[in-house]
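Since the structure comes first, as structure tokens, the remarks are kept for the end.
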Amino acid sequence: MIIIGEKINGSIPSVAEAIANRDADFIKQRAIAQAEANATFIDCCASVPEAEEVETLKWMIDCIQEVTDLPISVDSPSADVLTQAYKFCKRPGLFNSVSGEGDKIDKIFPIMAQPENKAWQVIALLSDDTGIPKSAADRLKVFDRIMAKAKEYGISPSRIHIDPLVEMLCTSEDGIAMNVEVISKVREMYPTIHITAAISNISFNLPVRKLINLGFTVLAMNAGLDSGILDPTNRDMLGLIYATEALLGMDDYCMEYIGAYREGLIGPVKK
């Protein structure tokens with residue numbers, strides 16, 4: 001599983017306070033904790049007014065890069081911000097994100113097509129100018145348009161993380177059936193593409209949210225999810241991911257699962 005660590009996000013009150021106070025140690029400690037928990041990318045989201053966003057992201061990215069070499073997921077709803085902030089990264093990372101909305105793709109994909117940026121990846125949301133489609137069929141139409149653009153710019157499927165846009169379970173009439181259908185169809189059409197999700201979105205407004213998050217993760221991985229925006233320091237979640245990969249035959253002889261246990265990443269905290 002590709003793990004995009006979610007703990008440095010200005011929408012989290014403690015992170016927002018650290019950003020406001022320019023508390024570099026707080027940001028660094030969150031980066032270190034996620035790196036030590038085997039995150040693949042460190043997400044970096046300022047959640048400040050757009051006029052302040054580029055400068056704030058530069059400060060945050062600099063803090064992260066002082067303590068870890070992990071690639072950064074540069075996170076902003078503004079494509080204009082992304083086109084500036086990615087330059088602060090010392091190594092190729094992840095644009096988070098584009099969608100079928102407006103001209104976001106036409107701002108980010110040309111950057112990714114440049115020879116010096118061939119290792120950059122991108123999260124692509126299955127939404128467009130009409131909002132978030134209500135049916136799997138309509139989301140897959142957005143997907144088709146995104147992939148046509150990717151082909152136009154020479155962006156290989158392996159550089160794309162498709163986000164089917166997981167919504168709250170408590171407002172759904174059919175559980176996660178639509179998400180499973182989208183994930184399965186995308187995986188069938190493009191075996192090398194990545195499929196991601198903000199895992200905790202599924203459990204908003206429900207009690208004991210971690211149980212819903214854990215159950216969703218297993219079902220989504222079984223459908224083809226191979227990337228997730230989540231808290232890598234959550235030992236229950238990390239253990240579940242390693243276990244599910246082993247159960248799905250993705251971990252030869254359970255070596256990754258055993259290794260994670262020996263490293264102290266999963267299981268009871270070793271004293």
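Ordered as shown in the structure tokens, chains take letters A, B, and onward, while each chain numbers its residues from 1 and ligands are numbered from 1 in the order shown.
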Handout entry: Which of region 64-253 of chain A fall in strand (DSSP E or B), as a PyMOL selection string
Key = chain A and resi 72-75+94-100+121-128+131+160-163+194-195+198+227-230
Tell me, counting only C-alpha atoms, for each residue of region 52-144 of chain A within 12 Å of region 31-43 of chain A, which pair of atoms is nearest and how far apart they are in Å to one decimal, in rows ordered by chain and increasing number, as CSV.
residue,atom,partner,partner_atom,distance
A:Leu57,CA,A:Asp43,CA,10.9
A:Met60,CA,A:Ala31,CA,10.2
A:Ile61,CA,A:Asp43,CA,9.6
A:Asp62,CA,A:Ala31,CA,11.2
A:Cys63,CA,A:Ala31,CA,8.6
A:Ile64,CA,A:Ala31,CA,5.8
A:Gln65,CA,A:Ala31,CA,8.8
A:Glu66,CA,A:Ala31,CA,9.6
A:Val67,CA,A:Ile32,CA,6.5
A:Thr68,CA,A:Ile32,CA,6.7
A:Asp69,CA,A:Ala35,CA,8.8
A:Leu70,CA,A:Phe41,CA,5.9
A:Pro71,CA,A:Phe41,CA,5.2
A:Ile72,CA,A:Ile42,CA,4.8
A:Ser73,CA,A:Asp43,CA,4.3
A:Val74,CA,A:Asp43,CA,6.2
A:Asp75,CA,A:Asp43,CA,6.5
A:Ser76,CA,A:Asp43,CA,10.2
A:Cys89,CA,A:Ile42,CA,11.6
A:Arg91,CA,A:Phe41,CA,11.4
A:Pro92,CA,A:Phe41,CA,10.4
A:Gly93,CA,A:Phe41,CA,7.5
A:Leu94,CA,A:Phe41,CA,7.8
A:Phe95,CA,A:Asp43,CA,9.7
A:Asn96,CA,A:Asp43,CA,8.4
A:Ser97,CA,A:Asp43,CA,11.2
A:Trp120,CA,A:Phe41,CA,11.9
A:Gln121,CA,A:Phe41,CA,10.9
A:Val122,CA,A:Phe41,CA,11.9
A:Ile123,CA,A:Asp43,CA,11.6
How would the residues just picked look written out with C-alpha atoms as a compact mmCIF listing (two decimals), in the first residue's frame?
# COMPACT_ATOMS: atom_id res chain seq x y z
CA LEU A 57 3.69 25.86 1.93
CA MET A 60 6.13 23.82 5.74
CA ILE A 61 7.97 21.99 2.95
CA ASP A 62 11.31 23.35 4.18
CA CYS A 63 10.52 22.09 7.70
CA ILE A 64 9.66 18.62 6.43
CA GLN A 65 12.72 18.36 4.20
CA GLU A 66 15.01 19.24 7.10
CA VAL A 67 14.10 15.96 8.84
CA THR A 68 13.16 13.42 6.15
CA ASP A 69 13.97 12.55 2.55
CA LEU A 70 10.47 11.19 1.90
CA PRO A 71 8.76 12.73 -1.13
CA ILE A 72 6.08 15.31 -0.42
CA SER A 73 2.46 15.37 -1.49
CA VAL A 74 1.95 19.07 -2.21
CA ASP A 75 -1.69 19.60 -1.27
CA SER A 76 -3.83 22.54 -2.39
CA CYS A 89 10.54 20.19 -3.23
CA ARG A 91 12.83 15.53 -5.03
CA PRO A 92 9.84 14.46 -7.15
CA GLY A 93 6.63 14.08 -5.20
CA LEU A 94 2.88 14.09 -5.67
CA PHE A 95 0.57 16.84 -6.92
CA ASN A 96 -2.54 16.75 -4.73
CA SER A 97 -4.64 17.25 -6.74
CA TRP A 120 6.25 13.46 -10.40
CA GLN A 121 2.92 11.77 -9.71
CA VAL A 122 -0.59 13.18 -9.29
CA ILE A 123 -3.87 12.52 -7.50
Practice task
Enter the distance from CA of Ile105 (chain A) to CA of Ser200 (chain A), in Å, rounded to one decimal.
Solution key: 25.8 Å
Practice task
Compare A:Lys134, A:Arg187, A:His194, A:Lys149 by their minimum atom-to-atom distance to Pro110 (chain A), counting only C-alpha atoms, and give me the closest one.
Solution key: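 Of A:Lys134, A:Arg187, A:His194, A:Lys149, the one nearest Pro110 (chain A) is A:Lys149, counting only C-alpha atoms.
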Exercise for the section: Determine the nearest neighbour of Phe109 (chain A) from the options A:Gly239, A:Gly154, A:Pro133, A:Gly267, counting only C-alpha atoms. Expected result: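 Between A:Gly239, A:Gly154, A:Pro133, A:Gly267, the residue approaching Phe109 (chain A) most closely is A:Gly154.
Note that DSSP on the backbone gives alpha helix (DSSP H) to these residues of region 188-227 of chain A: Glu188, Met189, Arg209, Lys210, Leu211, Ile212, Asn213, Leu214, Gly215, Phe216, Thr217, Val218, Leu219, Ala220, Met221, Asn222 and Ala223 of chain A.
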Exercise for the section: Find the residues near Ala18 (chain A): any atom within 12 Å, counting only C-alpha atoms, skip ones fewer than 4 places away on the same chain, and give them as a VMD selection string. Expected result: chain A and resid 8 to 14 22 to 30 46 56 59 to 60 63
Could those selected residues go to a file with N, CA and C atoms, as a PDB file, in the first residue's frame?
ATOM      1  N   ILE A   8       0.036  16.392   8.488  1.00  0.00           N
ATOM      2  CA  ILE A   8       0.478  17.789   8.402  1.00  0.00           C
ATOM      3  C   ILE A   8      -0.488  18.526   7.484  1.00  0.00           C
ATOM      4  N   ASN A   9      -1.613  18.881   8.053  1.00  0.00           N
ATOM      5  CA  ASN A   9      -2.712  19.499   7.311  1.00  0.00           C
ATOM      6  C   ASN A   9      -3.316  20.604   8.159  1.00  0.00           C
ATOM      7  N   GLY A  10      -3.348  21.812   7.618  1.00  0.00           N
ATOM      8  CA  GLY A  10      -3.838  22.966   8.360  1.00  0.00           C
ATOM      9  C   GLY A  10      -5.301  22.897   8.762  1.00  0.00           C
ATOM     10  N   SER A  11      -6.043  21.922   8.248  1.00  0.00           N
ATOM     11  CA  SER A  11      -7.431  21.756   8.685  1.00  0.00           C
ATOM     12  C   SER A  11      -7.507  21.090  10.055  1.00  0.00           C
ATOM     13  N   ILE A  12      -6.389  20.527  10.523  1.00  0.00           N
ATOM     14  CA  ILE A  12      -6.293  19.962  11.875  1.00  0.00           C
ATOM     15  C   ILE A  12      -5.973  21.118  12.830  1.00  0.00           C
ATOM     16  N   PRO A  13      -6.785  21.345  13.858  1.00  0.00           N
ATOM     17  CA  PRO A  13      -6.581  22.534  14.718  1.00  0.00           C
ATOM     18  C   PRO A  13      -5.170  22.681  15.260  1.00  0.00           C
ATOM     19  N   SER A  14      -4.554  21.604  15.733  1.00  0.00           N
ATOM     20  CA  SER A  14      -3.210  21.723  16.302  1.00  0.00           C
ATOM     21  C   SER A  14      -2.184  22.099  15.238  1.00  0.00           C
ATOM     22  N   ARG A  22       4.246  29.573  13.442  1.00  0.00           N
ATOM     23  CA  ARG A  22       5.494  29.157  12.791  1.00  0.00           C
ATOM     24  C   ARG A  22       6.317  28.267  13.738  1.00  0.00           C
ATOM     25  N   ASP A  23       5.623  27.273  14.291  1.00  0.00           N
ATOM     26  CA  ASP A  23       6.240  26.311  15.199  1.00  0.00           C
ATOM     27  C   ASP A  23       6.871  25.189  14.376  1.00  0.00           C
ATOM     28  N   ALA A  24       8.113  25.393  13.978  1.00  0.00           N
ATOM     29  CA  ALA A  24       8.795  24.443  13.100  1.00  0.00           C
ATOM     30  C   ALA A  24       8.967  23.083  13.758  1.00  0.00           C
ATOM     31  N   ASP A  25       9.241  23.058  15.066  1.00  0.00           N
ATOM     32  CA  ASP A  25       9.462  21.785  15.749  1.00  0.00           C
ATOM     33  C   ASP A  25       8.226  20.894  15.680  1.00  0.00           C
ATOM     34  N   PHE A  26       7.046  21.483  15.781  1.00  0.00           N
ATOM     35  CA  PHE A  26       5.810  20.708  15.716  1.00  0.00           C
ATOM     36  C   PHE A  26       5.682  20.030  14.347  1.00  0.00           C
ATOM     37  N   ILE A  27       5.906  20.798  13.294  1.00  0.00           N
ATOM     38  CA  ILE A  27       5.814  20.254  11.939  1.00  0.00           C
ATOM     39  C   ILE A  27       6.859  19.165  11.734  1.00  0.00           C
ATOM     40  N   LYS A  28       8.068  19.412  12.192  1.00  0.00           N
ATOM     41  CA  LYS A  28       9.152  18.440  12.026  1.00  0.00           C
ATOM     42  C   LYS A  28       8.850  17.138  12.754  1.00  0.00           C
ATOM     43  N   GLN A  29       8.322  17.242  13.964  1.00  0.00           N
ATOM     44  CA  GLN A  29       8.024  16.028  14.724  1.00  0.00           C
ATOM     45  C   GLN A  29       6.940  15.199  14.050  1.00  0.00           C
ATOM     46  N   ARG A  30       5.963  15.861  13.463  1.00  0.00           N
ATOM     47  CA  ARG A  30       4.924  15.122  12.736  1.00  0.00           C
ATOM     48  C   ARG A  30       5.494  14.443  11.487  1.00  0.00           C
ATOM     49  N   ALA A  46      -1.630  23.500   3.667  1.00  0.00           N
ATOM     50  CA  ALA A  46      -1.612  24.683   4.534  1.00  0.00           C
ATOM     51  C   ALA A  46      -2.998  25.059   5.057  1.00  0.00           C
ATOM     52  N   THR A  56       3.337  29.962   2.819  1.00  0.00           N
ATOM     53  CA  THR A  56       3.140  29.036   3.938  1.00  0.00           C
ATOM     54  C   THR A  56       3.597  27.628   3.568  1.00  0.00           C
ATOM     55  N   TRP A  59       7.376  27.322   3.711  1.00  0.00           N
ATOM     56  CA  TRP A  59       7.866  27.158   5.080  1.00  0.00           C
ATOM     57  C   TRP A  59       7.638  25.724   5.563  1.00  0.00           C
ATOM     58  N   MET A  60       6.455  25.181   5.302  1.00  0.00           N
ATOM     59  CA  MET A  60       6.130  23.822   5.741  1.00  0.00           C
ATOM     60  C   MET A  60       7.001  22.783   5.035  1.00  0.00           C
ATOM     61  N   CYS A  63      10.473  22.772   6.394  1.00  0.00           N
ATOM     62  CA  CYS A  63      10.516  22.093   7.698  1.00  0.00           C
ATOM     63  C   CYS A  63      10.578  20.579   7.510  1.00  0.00           C
TER      64      CYS A  63
END
Practice task
Take CA of Val81 (chain A) and CA of Asp103 (chain A) and report the distance between them in Å, one decimal.
Solution key: 13.4 Å
Handout entry: Which of A:Asn21, A:Asn222, A:Ser78, A:Asn117 sits closest to Pro49 (chain A) [using only C-alpha atoms]
Key = A:Ser78
Handout entry: Counting only C-alpha atoms, the option among A:Leu214, A:Val142, A:Cys45, A:Ile193 closest to Ser158 (chain A)
Key =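 Ranked by minimum distance to Ser158 (chain A), first place goes to A:Ile193.
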Practice task
Have a look at CA of Glu101 (chain A) and CA of Lys141 (chain A) and let me know their distance in Å, one decimal.
Solution key: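 These atoms are spaced 13.1 Å apart.
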Handout entry: Non-local contacts of Leu248 (chain A) (10 Å; only C-alpha atoms; under 5 positions in same chain excluded) as a count of residues only
Key = 4
